[in-house]
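*Asks:* Below is the file upload-v3.cif, which contains mmCIF, C-alpha atoms.
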```
data_data
#
loop_
_atom_site.group_PDB
_atom_site.id
_atom_site.type_symbol
_atom_site.label_atom_id
_atom_site.label_comp_id
_atom_site.auth_asym_id
_atom_site.auth_seq_id
_atom_site.Cartn_x
_atom_site.Cartn_y
_atom_site.Cartn_z
ATOM 1 C CA MET A 1 26.914 55.068 42.735
ATOM 2 C CA ALA A 2 28.844 53.478 39.919
ATOM 3 C CA ILE A 3 27.915 50.039 41.172
ATOM 4 C CA THR A 4 24.221 50.971 41.143
ATOM 5 C CA ARG A 5 24.462 52.131 37.558
ATOM 6 C CA LEU A 6 26.216 48.935 36.543
ATOM 7 C CA VAL A 7 23.537 46.832 38.213
ATOM 8 C CA ARG A 8 20.813 48.855 36.495
ATOM 9 C CA CYS A 9 22.451 48.455 33.093
ATOM 10 C CA PHE A 10 22.859 44.742 33.699
ATOM 11 C CA VAL A 11 19.170 44.410 34.526
ATOM 12 C CA ILE A 12 18.199 46.353 31.412
ATOM 13 C CA LEU A 13 20.428 44.209 29.206
ATOM 14 C CA LEU A 14 19.125 41.037 30.801
ATOM 15 C CA SER A 15 15.521 42.046 30.283
ATOM 16 C CA THR A 16 16.245 43.093 26.718
ATOM 17 C CA HIS A 17 17.972 39.891 25.644
ATOM 18 C CA CYS A 18 16.159 37.333 27.792
ATOM 19 C CA CYS A 19 12.727 38.542 28.756
ATOM 20 C CA LEU A 20 11.506 40.365 25.670
ATOM 21 C CA PRO A 21 11.874 37.464 23.232
ATOM 22 C CA ALA A 22 9.790 35.341 25.531
ATOM 23 C CA LEU A 23 7.093 38.023 25.611
ATOM 24 C CA ALA A 24 6.925 38.596 21.845
ATOM 25 C CA VAL A 25 5.442 36.440 19.085
ATOM 26 C CA VAL A 26 8.048 35.844 16.389
ATOM 27 C CA LEU A 27 7.417 34.052 13.079
ATOM 28 C CA LYS A 28 9.742 32.563 10.500
ATOM 29 C CA THR A 29 9.484 30.460 7.345
ATOM 30 C CA ASP A 30 11.590 27.725 5.806
ATOM 31 C CA ASN A 31 10.823 28.761 2.245
ATOM 32 C CA PRO A 32 9.632 32.283 1.371
ATOM 33 C CA THR A 33 9.132 31.401 -2.329
ATOM 34 C CA PRO A 34 7.750 27.857 -2.650
ATOM 35 C CA TRP A 35 6.590 26.441 -5.959
ATOM 36 C CA THR A 36 4.972 23.244 -7.157
ATOM 37 C CA ASN A 37 3.611 21.525 -10.219
ATOM 38 C CA GLU A 38 -0.031 22.086 -10.998
ATOM 39 C CA PHE A 39 -2.482 19.749 -9.212
ATOM 40 C CA GLU A 40 0.150 18.782 -6.624
ATOM 41 C CA SER A 41 0.461 19.776 -2.961
ATOM 42 C CA VAL A 42 2.568 22.604 -1.621
ATOM 43 C CA GLU A 43 3.361 23.891 1.876
ATOM 44 C CA LEU A 44 3.463 27.535 2.893
ATOM 45 C CA SER A 45 5.496 27.268 6.064
ATOM 46 C CA CYS A 46 4.673 29.610 8.921
ATOM 47 C CA LEU A 47 6.644 28.650 12.032
ATOM 48 C CA ILE A 48 6.187 30.243 15.448
ATOM 49 C CA GLU A 49 9.673 30.775 16.806
ATOM 50 C CA SER A 50 8.600 32.186 20.175
ATOM 51 C CA ILE A 51 5.284 32.912 21.854
ATOM 52 C CA SER A 52 3.751 33.068 25.343
ATOM 53 C CA THR A 53 0.046 32.922 24.486
ATOM 54 C CA ASN A 54 -1.361 29.404 24.603
ATOM 55 C CA ASN A 55 -4.017 29.749 21.896
ATOM 56 C CA PRO A 56 -2.954 32.443 19.422
ATOM 57 C CA ARG A 57 -5.213 33.553 16.603
ATOM 58 C CA ILE A 58 -3.926 32.407 13.219
ATOM 59 C CA GLU A 59 -5.010 33.970 9.948
ATOM 60 C CA TRP A 60 -3.932 33.542 6.342
ATOM 61 C CA LYS A 61 -4.627 36.080 3.617
ATOM 62 C CA LYS A 62 -4.204 35.831 -0.132
ATOM 63 C CA ILE A 63 -3.014 39.040 -1.795
ATOM 64 C CA VAL A 64 -3.836 39.610 -5.453
ATOM 65 C CA ASN A 65 -3.293 43.040 -7.021
ATOM 66 C CA SER A 66 -2.674 44.464 -3.533
ATOM 67 C CA GLU A 67 -6.134 43.298 -2.414
ATOM 68 C CA PRO A 68 -6.092 40.833 0.533
ATOM 69 C CA SER A 69 -8.755 38.189 1.046
ATOM 70 C CA TYR A 70 -9.089 35.568 3.771
ATOM 71 C CA VAL A 71 -8.202 31.963 3.008
ATOM 72 C CA PHE A 72 -8.012 30.886 6.670
ATOM 73 C CA PHE A 73 -10.091 32.638 9.290
ATOM 74 C CA ASP A 74 -11.828 31.632 12.514
ATOM 75 C CA ASN A 75 -10.067 28.235 12.484
ATOM 76 C CA LYS A 76 -11.385 27.159 9.096
ATOM 77 C CA VAL A 77 -10.275 27.361 5.477
ATOM 78 C CA SER A 78 -12.351 29.689 3.328
ATOM 79 C CA GLY A 79 -12.329 31.585 0.059
ATOM 80 C CA ASP A 80 -10.377 30.214 -2.899
ATOM 81 C CA LEU A 81 -8.812 27.382 -0.883
ATOM 82 C CA GLU A 82 -11.988 25.956 0.630
ATOM 83 C CA ASN A 83 -11.916 22.122 0.535
ATOM 84 C CA ARG A 84 -8.394 22.268 -0.920
ATOM 85 C CA ALA A 85 -6.228 23.233 2.024
ATOM 86 C CA ARG A 86 -5.602 22.548 5.696
ATOM 87 C CA ILE A 87 -3.534 23.913 8.569
ATOM 88 C CA ARG A 88 -0.634 21.890 9.892
ATOM 89 C CA GLU A 89 0.451 22.803 13.403
ATOM 90 C CA PRO A 90 1.365 25.314 14.397
ATOM 91 C CA ALA A 91 0.445 27.603 11.475
ATOM 92 C CA THR A 92 1.666 26.085 8.184
ATOM 93 C CA LEU A 93 -0.818 26.238 5.309
ATOM 94 C CA VAL A 94 -0.874 23.118 3.112
ATOM 95 C CA ILE A 95 -2.570 23.375 -0.293
ATOM 96 C CA THR A 96 -3.435 19.828 -1.351
ATOM 97 C CA ASN A 97 -4.364 20.542 -4.978
ATOM 98 C CA ALA A 98 -2.614 23.639 -6.234
ATOM 99 C CA THR A 99 -3.690 25.317 -9.452
ATOM 100 C CA ARG A 100 -2.255 28.228 -11.373
ATOM 101 C CA SER A 101 -4.947 30.479 -9.924
ATOM 102 C CA ASP A 102 -3.354 29.939 -6.501
ATOM 103 C CA THR A 103 -0.259 31.828 -7.608
ATOM 104 C CA ALA A 104 -0.116 34.902 -5.377
ATOM 105 C CA ASP A 105 1.396 36.378 -2.231
ATOM 106 C CA TYR A 106 0.174 34.880 1.053
ATOM 107 C CA ARG A 107 0.456 36.539 4.437
ATOM 108 C CA CYS A 108 0.535 34.581 7.668
ATOM 109 C CA GLU A 109 -0.624 36.600 10.685
ATOM 110 C CA VAL A 110 -0.447 35.402 14.289
ATOM 111 C CA THR A 111 -2.020 37.388 17.102
ATOM 112 C CA ALA A 112 -0.946 36.657 20.691
ATOM 113 C CA PRO A 113 -2.859 38.874 23.160
ATOM 114 C CA ASN A 114 -0.739 37.829 26.168
ATOM 115 C CA ASP A 115 2.596 38.761 24.576
ATOM 116 C CA GLN A 116 4.217 42.157 24.701
ATOM 117 C CA LYS A 117 4.400 42.142 20.907
ATOM 118 C CA ILE A 118 0.970 40.784 20.144
ATOM 119 C CA VAL A 119 1.120 40.524 16.315
ATOM 120 C CA ASP A 120 3.656 39.223 13.840
ATOM 121 C CA GLU A 121 3.372 38.370 10.160
ATOM 122 C CA ILE A 122 5.419 36.980 7.303
ATOM 123 C CA LEU A 123 4.904 37.137 3.535
ATOM 124 C CA ILE A 124 5.237 34.061 1.328
ATOM 125 C CA SER A 125 5.110 34.140 -2.475
ATOM 126 C CA LEU A 126 3.711 31.067 -4.201
ATOM 127 C CA VAL A 127 5.124 30.972 -7.719
ATOM 128 C CA SER A 128 4.168 28.865 -10.712
ATOM 129 C CA ALA A 129 7.727 28.162 -11.855
ATOM 130 C CA GLU A 130 11.239 29.091 -10.901
ATOM 131 C CA LEU A 131 14.449 28.671 -12.891
ATOM 132 C CA ARG A 132 17.806 28.927 -11.136
ATOM 133 C CA CYS A 133 21.278 29.508 -12.451
ATOM 134 C CA VAL A 134 24.144 28.951 -9.996
ATOM 135 C CA GLU A 135 27.902 29.491 -10.423
ATOM 136 C CA ASP A 136 30.170 29.397 -7.338
ATOM 137 C CA GLU A 137 33.702 29.375 -8.754
ATOM 138 C CA GLY A 138 33.920 32.741 -10.501
ATOM 139 C CA PHE A 139 35.652 35.765 -9.013
ATOM 140 C CA PRO A 140 34.538 38.467 -8.834
ATOM 141 C CA LYS A 141 30.934 37.402 -8.268
ATOM 142 C CA SER A 142 29.068 36.644 -11.461
ATOM 143 C CA GLN A 143 26.093 38.441 -12.895
ATOM 144 C CA TYR A 144 23.396 36.403 -14.650
ATOM 145 C CA GLN A 145 21.437 36.723 -17.853
ATOM 146 C CA TRP A 146 18.562 34.563 -19.059
ATOM 147 C CA PHE A 147 17.578 33.687 -22.632
ATOM 148 C CA ILE A 148 14.494 32.122 -24.188
ATOM 149 C CA ASN A 149 14.916 30.587 -27.638
ATOM 150 C CA LYS A 150 18.279 32.421 -27.835
ATOM 151 C CA GLU A 151 16.612 35.795 -27.180
ATOM 152 C CA GLU A 152 17.741 37.696 -24.094
ATOM 153 C CA ILE A 153 15.117 38.250 -21.407
ATOM 154 C CA PRO A 154 15.157 41.816 -20.043
ATOM 155 C CA ASP A 155 15.315 42.433 -16.305
ATOM 156 C CA ASP A 156 12.005 44.306 -16.435
ATOM 157 C CA PRO A 157 9.329 42.811 -18.721
ATOM 158 C CA LYS A 158 7.599 46.200 -19.079
ATOM 159 C CA THR A 159 10.536 47.556 -21.044
ATOM 160 C CA SER A 160 9.979 45.159 -23.948
ATOM 161 C CA ALA A 161 6.932 44.728 -26.158
ATOM 162 C CA ARG A 162 7.805 41.035 -26.562
ATOM 163 C CA PHE A 163 7.619 40.368 -22.795
ATOM 164 C CA PHE A 164 5.217 43.114 -21.751
ATOM 165 C CA ASN A 165 2.476 40.706 -20.606
ATOM 166 C CA SER A 166 4.831 38.294 -18.849
ATOM 167 C CA SER A 167 4.740 38.018 -15.069
ATOM 168 C CA TYR A 168 8.321 36.969 -14.350
ATOM 169 C CA MET A 169 10.857 38.447 -11.939
ATOM 170 C CA LEU A 170 14.509 38.194 -12.874
ATOM 171 C CA ASN A 171 17.245 38.659 -10.294
ATOM 172 C CA GLY A 172 20.580 39.179 -12.020
ATOM 173 C CA ASP A 173 22.519 38.869 -8.746
ATOM 174 C CA THR A 174 21.158 35.480 -7.655
ATOM 175 C CA GLY A 175 20.369 34.055 -11.088
ATOM 176 C CA THR A 176 16.720 33.231 -10.370
ATOM 177 C CA LEU A 177 13.974 33.620 -12.955
ATOM 178 C CA ARG A 178 10.641 33.352 -11.201
ATOM 179 C CA PHE A 179 7.185 33.252 -12.808
ATOM 180 C CA SER A 180 4.226 34.262 -10.700
ATOM 181 C CA GLU A 181 1.929 32.958 -13.462
ATOM 182 C CA VAL A 182 2.999 31.032 -16.529
ATOM 183 C CA ARG A 183 1.355 31.299 -19.930
ATOM 184 C CA ARG A 184 1.617 29.331 -23.134
ATOM 185 C CA GLU A 185 3.774 32.132 -24.527
ATOM 186 C CA ASP A 186 6.347 31.415 -21.776
ATOM 187 C CA ALA A 187 7.057 27.926 -23.109
ATOM 188 C CA GLY A 188 10.394 27.481 -24.837
ATOM 189 C CA ASP A 189 14.083 26.648 -24.433
ATOM 190 C CA TYR A 190 15.734 28.541 -21.565
ATOM 191 C CA HIS A 191 19.406 28.899 -20.793
ATOM 192 C CA CYS A 192 21.422 31.257 -18.607
ATOM 193 C CA ARG A 193 24.767 33.007 -18.865
ATOM 194 C CA ALA A 194 27.041 33.830 -15.956
ATOM 195 C CA LYS A 195 29.605 36.549 -16.611
ATOM 196 C CA ASN A 196 32.226 38.612 -14.789
ATOM 197 C CA ASP A 197 35.328 40.558 -15.709
ATOM 198 C CA ALA A 198 37.179 37.345 -16.537
ATOM 199 C CA GLY A 199 34.647 36.116 -19.090
ATOM 200 C CA HIS A 200 31.368 34.240 -19.265
ATOM 201 C CA ALA A 201 29.931 30.714 -19.332
ATOM 202 C CA GLU A 202 26.574 29.346 -20.428
ATOM 203 C CA CYS A 203 24.476 26.344 -19.442
ATOM 204 C CA SER A 204 22.758 24.019 -21.879
ATOM 205 C CA PRO A 205 19.156 24.925 -22.854
ATOM 206 C CA GLN A 206 16.303 23.468 -20.838
ATOM 207 C CA LYS A 207 12.798 23.172 -22.268
ATOM 208 C CA MET A 208 9.874 24.502 -20.266
ATOM 209 C CA GLU A 209 6.470 23.208 -21.357
ATOM 210 C CA VAL A 210 3.195 24.872 -20.431
ATOM 211 C CA TYR A 211 -0.060 22.935 -20.731
ATOM 212 C CA ASP A 212 -2.942 25.341 -20.963
ATOM 213 C CA LEU A 213 -6.350 24.057 -19.916
ATOM 214 C CA ASN A 214 -9.159 25.128 -22.239
ATOM 215 C CA VAL A 215 -11.523 26.083 -19.445
ATOM 216 C CA THR A 216 -13.917 27.803 -21.833
ATOM 217 C CA GLY A 217 -14.206 24.708 -24.002
ATOM 218 C CA ILE A 218 -14.812 22.466 -20.999
ATOM 219 C CA VAL A 219 -17.552 24.736 -19.663
ATOM 220 C CA LEU A 220 -19.235 24.983 -23.065
ATOM 221 C CA GLY A 221 -19.115 21.214 -23.487
ATOM 222 C CA VAL A 222 -20.773 20.665 -20.116
ATOM 223 C CA LEU A 223 -23.469 23.215 -20.964
ATOM 224 C CA VAL A 224 -24.189 21.532 -24.298
ATOM 225 C CA VAL A 225 -24.608 18.140 -22.596
ATOM 226 C CA VAL A 226 -26.949 19.648 -19.994
ATOM 227 C CA VAL A 227 -29.055 21.348 -22.694
ATOM 228 C CA VAL A 228 -29.336 18.126 -24.726
ATOM 229 C CA LEU A 229 -30.422 16.120 -21.673
ATOM 230 C CA LEU A 230 -32.948 18.813 -20.772
ATOM 231 C CA CYS A 231 -34.415 18.792 -24.300
ATOM 232 C CA ILE A 232 -34.740 14.998 -24.258
ATOM 233 C CA THR A 233 -36.473 15.109 -20.875
ATOM 234 C CA LEU A 234 -38.896 17.806 -22.007
ATOM 235 C CA GLY A 235 -39.659 15.886 -25.219
ATOM 236 C CA ILE A 236 -40.508 12.734 -23.279
ATOM 237 C CA CYS A 237 -42.708 14.671 -20.856
ATOM 238 C CA CYS A 238 -44.597 16.409 -23.704
ATOM 239 C CA ALA A 239 -45.124 13.130 -25.556
ATOM 240 C CA TYR A 240 -46.434 11.488 -22.402
ATOM 241 C CA LYS A 241 -48.807 14.383 -21.696
ATOM 242 C CA ARG A 242 -50.190 14.272 -25.249
ATOM 243 C CA GLY A 243 -50.947 10.604 -24.811
ATOM 244 C CA TYR A 244 -48.568 9.032 -27.320
ATOM 245 C CA PHE A 245 -47.340 6.366 -24.949
ATOM 246 C CA THR A 246 -50.832 5.838 -23.407
ATOM 247 C CA ASN A 247 -52.612 5.471 -26.819
ATOM 248 C CA GLN A 248 -50.099 2.914 -27.994
ATOM 249 C CA LYS A 249 -50.638 0.886 -24.860
ATOM 250 C CA GLU A 250 -54.422 1.072 -25.111
ATOM 251 C CA ALA A 251 -54.278 0.246 -28.840
ATOM 252 C CA GLY A 252 -52.220 -2.825 -28.056
ATOM 253 C CA ASN A 253 -54.717 -3.939 -25.416
ATOM 254 C CA LYS A 254 -57.645 -3.306 -27.819
ATOM 255 C CA VAL A 255 -56.081 -5.376 -30.591
ATOM 256 C CA THR A 256 -55.492 -8.208 -28.140
ATOM 257 C CA SER A 257 -59.093 -8.041 -26.903
ATOM 258 C CA ASP A 258 -60.516 -7.980 -30.453
ATOM 259 C CA THR A 259 -58.403 -10.968 -31.404
ATOM 260 C CA ASN A 260 -59.608 -12.895 -28.366
ATOM 261 C CA LEU A 261 -63.241 -12.005 -29.119
ATOM 262 C CA HIS A 262 -62.862 -13.064 -32.770
ATOM 263 C CA SER A 263 -61.331 -16.363 -31.770
ATOM 264 C CA SER A 264 -64.134 -16.986 -29.260
ATOM 265 C CA SER A 265 -66.775 -16.220 -31.916
ATOM 266 C CA GLU A 266 -65.133 -18.617 -34.335
ATOM 267 C CA ARG A 267 -65.060 -21.297 -31.699
ATOM 268 C CA ARG A 268 -68.720 -20.705 -30.905
ATOM 269 C CA ASP A 269 -69.723 -20.735 -34.628
ATOM 270 C CA HIS A 270 -67.755 -23.873 -35.289
ATOM 271 C CA ARG A 271 -69.304 -25.537 -32.282
ATOM 272 C CA GLY A 272 -72.784 -24.484 -33.434
ATOM 273 C CA VAL A 273 -72.222 -25.960 -36.917
ATOM 274 C CA LEU A 274 -71.022 -29.223 -35.496
ATOM 275 C CA GLN A 275 -73.911 -29.400 -33.111
ATOM 276 C CA GLY A 276 -76.391 -28.687 -35.924
ATOM 277 C CA SER A 277 -74.840 -31.376 -38.072
ATOM 278 C CA SER A 278 -74.982 -33.828 -35.213
ATOM 279 C CA GLU A 279 -78.629 -33.077 -34.592
ATOM 280 C CA GLU A 280 -79.396 -33.497 -38.279
ATOM 281 C CA GLU A 281 -77.494 -36.761 -38.433
ATOM 282 C CA GLU A 282 -79.174 -37.912 -35.258
ATOM 283 C CA GLY A 283 -82.536 -37.150 -36.873
ATOM 284 C CA GLN A 284 -81.671 -39.420 -39.822
ATOM 285 C CA MET A 285 -80.319 -42.269 -37.705
ATOM 286 C CA CYS A 286 -82.706 -45.073 -36.655
ATOM 287 C CA SER A 287 -83.356 -45.653 -33.085
ATOM 288 C CA PRO A 288 -83.788 -49.276 -31.856
ATOM 289 C CA VAL A 289 -87.406 -48.626 -30.987
ATOM 290 C CA SER A 290 -88.505 -47.414 -34.441
ATOM 291 C CA THR A 291 -86.259 -49.217 -36.879
ATOM 292 C CA GLN A 292 -88.881 -49.896 -39.520
ATOM 293 C CA SER A 293 -89.999 -46.325 -39.663
ATOM 294 C CA CYS A 294 -86.645 -45.305 -41.044
ATOM 295 C CA LEU A 295 -86.735 -47.757 -43.960
ATOM 296 C CA PRO A 296 -88.064 -46.636 -47.331
ATOM 297 C CA HIS A 297 -91.641 -47.435 -48.083
ATOM 298 C CA ILE A 298 -91.877 -50.812 -49.924
ATOM 299 C CA LEU A 299 -94.883 -52.117 -51.682
ATOM 300 C CA PRO A 300 -95.909 -55.632 -50.605
ATOM 301 C CA GLY A 301 -96.078 -56.878 -54.177
ATOM 302 C CA ASP A 302 -92.443 -56.199 -55.079
ATOM 303 C CA PRO A 303 -90.430 -59.492 -54.953
ATOM 304 C CA ALA A 304 -86.991 -57.695 -55.154
ATOM 305 C CA ALA A 305 -87.854 -55.782 -52.149
ATOM 306 C CA ARG A 306 -88.844 -58.879 -50.336
ATOM 307 C CA LEU A 307 -85.557 -60.527 -51.293
ATOM 308 C CA LYS A 308 -83.608 -57.649 -49.934
ATOM 309 C CA LEU A 309 -85.614 -57.688 -46.792
ATOM 310 C CA ASN A 310 -85.076 -61.337 -46.345
ATOM 311 C CA ASN A 311 -81.380 -60.904 -46.836
#
```
Render the structure in this file as structure tokens.
*Replies:*
Amino acid sequence: MAITRLVRCFVILLSTHCCLPALAVVLKTDNPTPWTNEFESVELSCLIESISTNNPRIEWKKIVNSEPSYVFFDNKVSGDLENRARIREPATLVITNATRSDTADYRCEVTAPNDQKIVDEILISLVSAELRCVEDEGFPKSQYQWFINKEEIPDDPKTSARFFNSSYMLNGDTGTLRFSEVRREDAGDYHCRAKNDAGHAECSPQKMEVYDLNVTGIVLGVLVVVVVLLCITLGICCAYKRGYFTNQKEAGNKVTSDTNLHSSSERRDHRGVLQGSSEEEEGQMCSPVSTQSCLPHILPGDPAARLKLNN
């Protein structure tokens, strides 16, 4: 009887430690809080540690203000990350051109219908910036404080009017200062202080710069250019319809035609004058047949005339 119970317990333990992991989908991540510079790539790692289903369903959701929205569904990227992200096997989401609007919590969900545990998920927080303060030699363990421009940063931004609109998370135990979304007001010189019962130590200040894109100005500039081009196009169309370009062309052709006609008339008139003169001259010239008829009338009794004739 005792042997039977031992065998049964052994089977239960064996199935618990060996069989169940193989029948359950389990996820893990290499970095639960990745960050990157703006306009650079970043990886949200979602690794499948164990699974039995060959083709699991993979989904990614972006969570903003507790409202989830799909960014990867039905094997394609959608939503805010469309044309800016891809999936790297097995389920890692790679954002190729990250912007500050991508700062949010992302949930990786894997559904495996053939596993005993058919669904697993992990949460990854994409942050805009993260500052770390590390001290390993102090005993007892140090607590951390952060300062901006020599002013202490409170653990909870909602407790201070100066930092009320900030979106940072400060962990005094680990020394991390994490910004889910940076603003121009967050720029400044940061330094941390590690302290315990034995005393405290501070690091040198580090400058954090925030370059704010004037999206409104860019959009307005584009709209102004579009309006100017549209006005120019409409002005050209109206001028063409009213015949400004056509009248100028016809006027140019008419002037050319009138000039040609005037030149032809002058040539004809000049030719007519020359021809008339030639005919008149030809009328006065003597032809070989009637030479004497062209000479002036001379009286027979005039000796000078006879002398000239003889000559």
*Asks:* Taking the file as shown, find all residues satisfying the PyMOL selection byres ((chain A and resi 77-87) around 12) and write them as an mmCIF file with C-alpha atoms, in the frame of the given file.
*Replies:*
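Result file is selection.cif:
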```
data_model
loop_
_atom_site.group_PDB
_atom_site.id
_atom_site.type_symbol
_atom_site.label_atom_id
_atom_site.label_comp_id
_atom_site.auth_asym_id
_atom_site.auth_seq_id
_atom_site.Cartn_x
_atom_site.Cartn_y
_atom_site.Cartn_z
ATOM 1 C CA PHE A 39 -2.482 19.749 -9.212
ATOM 2 C CA GLU A 40 0.150 18.782 -6.624
ATOM 3 C CA SER A 41 0.461 19.776 -2.961
ATOM 4 C CA VAL A 42 2.568 22.604 -1.621
ATOM 5 C CA GLU A 43 3.361 23.891 1.876
ATOM 6 C CA LEU A 44 3.463 27.535 2.893
ATOM 7 C CA SER A 45 5.496 27.268 6.064
ATOM 8 C CA CYS A 46 4.673 29.610 8.921
ATOM 9 C CA LEU A 47 6.644 28.650 12.032
ATOM 10 C CA ILE A 58 -3.926 32.407 13.219
ATOM 11 C CA GLU A 59 -5.010 33.970 9.948
ATOM 12 C CA TRP A 60 -3.932 33.542 6.342
ATOM 13 C CA LYS A 61 -4.627 36.080 3.617
ATOM 14 C CA LYS A 62 -4.204 35.831 -0.132
ATOM 15 C CA ILE A 63 -3.014 39.040 -1.795
ATOM 16 C CA VAL A 64 -3.836 39.610 -5.453
ATOM 17 C CA PRO A 68 -6.092 40.833 0.533
ATOM 18 C CA SER A 69 -8.755 38.189 1.046
ATOM 19 C CA TYR A 70 -9.089 35.568 3.771
ATOM 20 C CA VAL A 71 -8.202 31.963 3.008
ATOM 21 C CA PHE A 72 -8.012 30.886 6.670
ATOM 22 C CA PHE A 73 -10.091 32.638 9.290
ATOM 23 C CA ASP A 74 -11.828 31.632 12.514
ATOM 24 C CA ASN A 75 -10.067 28.235 12.484
ATOM 25 C CA LYS A 76 -11.385 27.159 9.096
ATOM 26 C CA ARG A 88 -0.634 21.890 9.892
ATOM 27 C CA GLU A 89 0.451 22.803 13.403
ATOM 28 C CA PRO A 90 1.365 25.314 14.397
ATOM 29 C CA ALA A 91 0.445 27.603 11.475
ATOM 30 C CA THR A 92 1.666 26.085 8.184
ATOM 31 C CA LEU A 93 -0.818 26.238 5.309
ATOM 32 C CA VAL A 94 -0.874 23.118 3.112
ATOM 33 C CA ILE A 95 -2.570 23.375 -0.293
ATOM 34 C CA THR A 96 -3.435 19.828 -1.351
ATOM 35 C CA ASN A 97 -4.364 20.542 -4.978
ATOM 36 C CA ALA A 98 -2.614 23.639 -6.234
ATOM 37 C CA THR A 99 -3.690 25.317 -9.452
ATOM 38 C CA ARG A 100 -2.255 28.228 -11.373
ATOM 39 C CA SER A 101 -4.947 30.479 -9.924
ATOM 40 C CA ASP A 102 -3.354 29.939 -6.501
ATOM 41 C CA THR A 103 -0.259 31.828 -7.608
ATOM 42 C CA ALA A 104 -0.116 34.902 -5.377
ATOM 43 C CA TYR A 106 0.174 34.880 1.053
ATOM 44 C CA CYS A 108 0.535 34.581 7.668
#
```
*Asks:* For a test of reading the model, state the distance in Å between atom CA of A:Arg178 and atom CA of A:Asn196, rounded to one decimal.
*Replies:*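 Atom CA of A:Asn196 lies at a distance of 22.5 Å from atom CA of A:Arg178.
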*Asks:* Figure out the distance between atom CA of A:Ala129 and atom CA of A:Ser204, please, to one decimal in Å.
*Replies:*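 Atom CA of A:Ala129 lies at a distance of 18.5 Å from atom CA of A:Ser204.
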*Asks:* May I ask for the distance between atom CA of A:Asp189 and atom CA of A:Asn149, given in Å to one decimal place?
*Replies:*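 That distance, rounded to one decimal, is 5.1 Å.
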*Asks:* Considering all atoms listed in the file, can you say which of A:Cys203, A:Val219, A:Ile48, A:Val210 comes closest to A:Leu27?
*Replies:*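 When distances to A:Leu27 are compared using all atoms listed in the file, the smallest one comes from A:Ile48.
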*Asks:* Find the residue from A:Leu234, A:Ala201, A:Val227, A:Val119 that sits nearest to A:Gly138; use all atoms listed in the file when measuring.
*Replies:*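 Using all atoms listed in the file, A:Gly138 sits closest to A:Ala201.
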*Asks:* Please write out, as AutoDock Vina command-line options, where the centre of an axis-aligned box around all listed atoms of stretch 147-161 of chain A lies and how long its edges are, in Å to one decimal, after adding 8 Å on each side.
*Replies:*
```
--center_x 12.6 --center_y 39.1 --center_z -22.1 --size_x 27.3 --size_y 33.0 --size_z 27.5
```
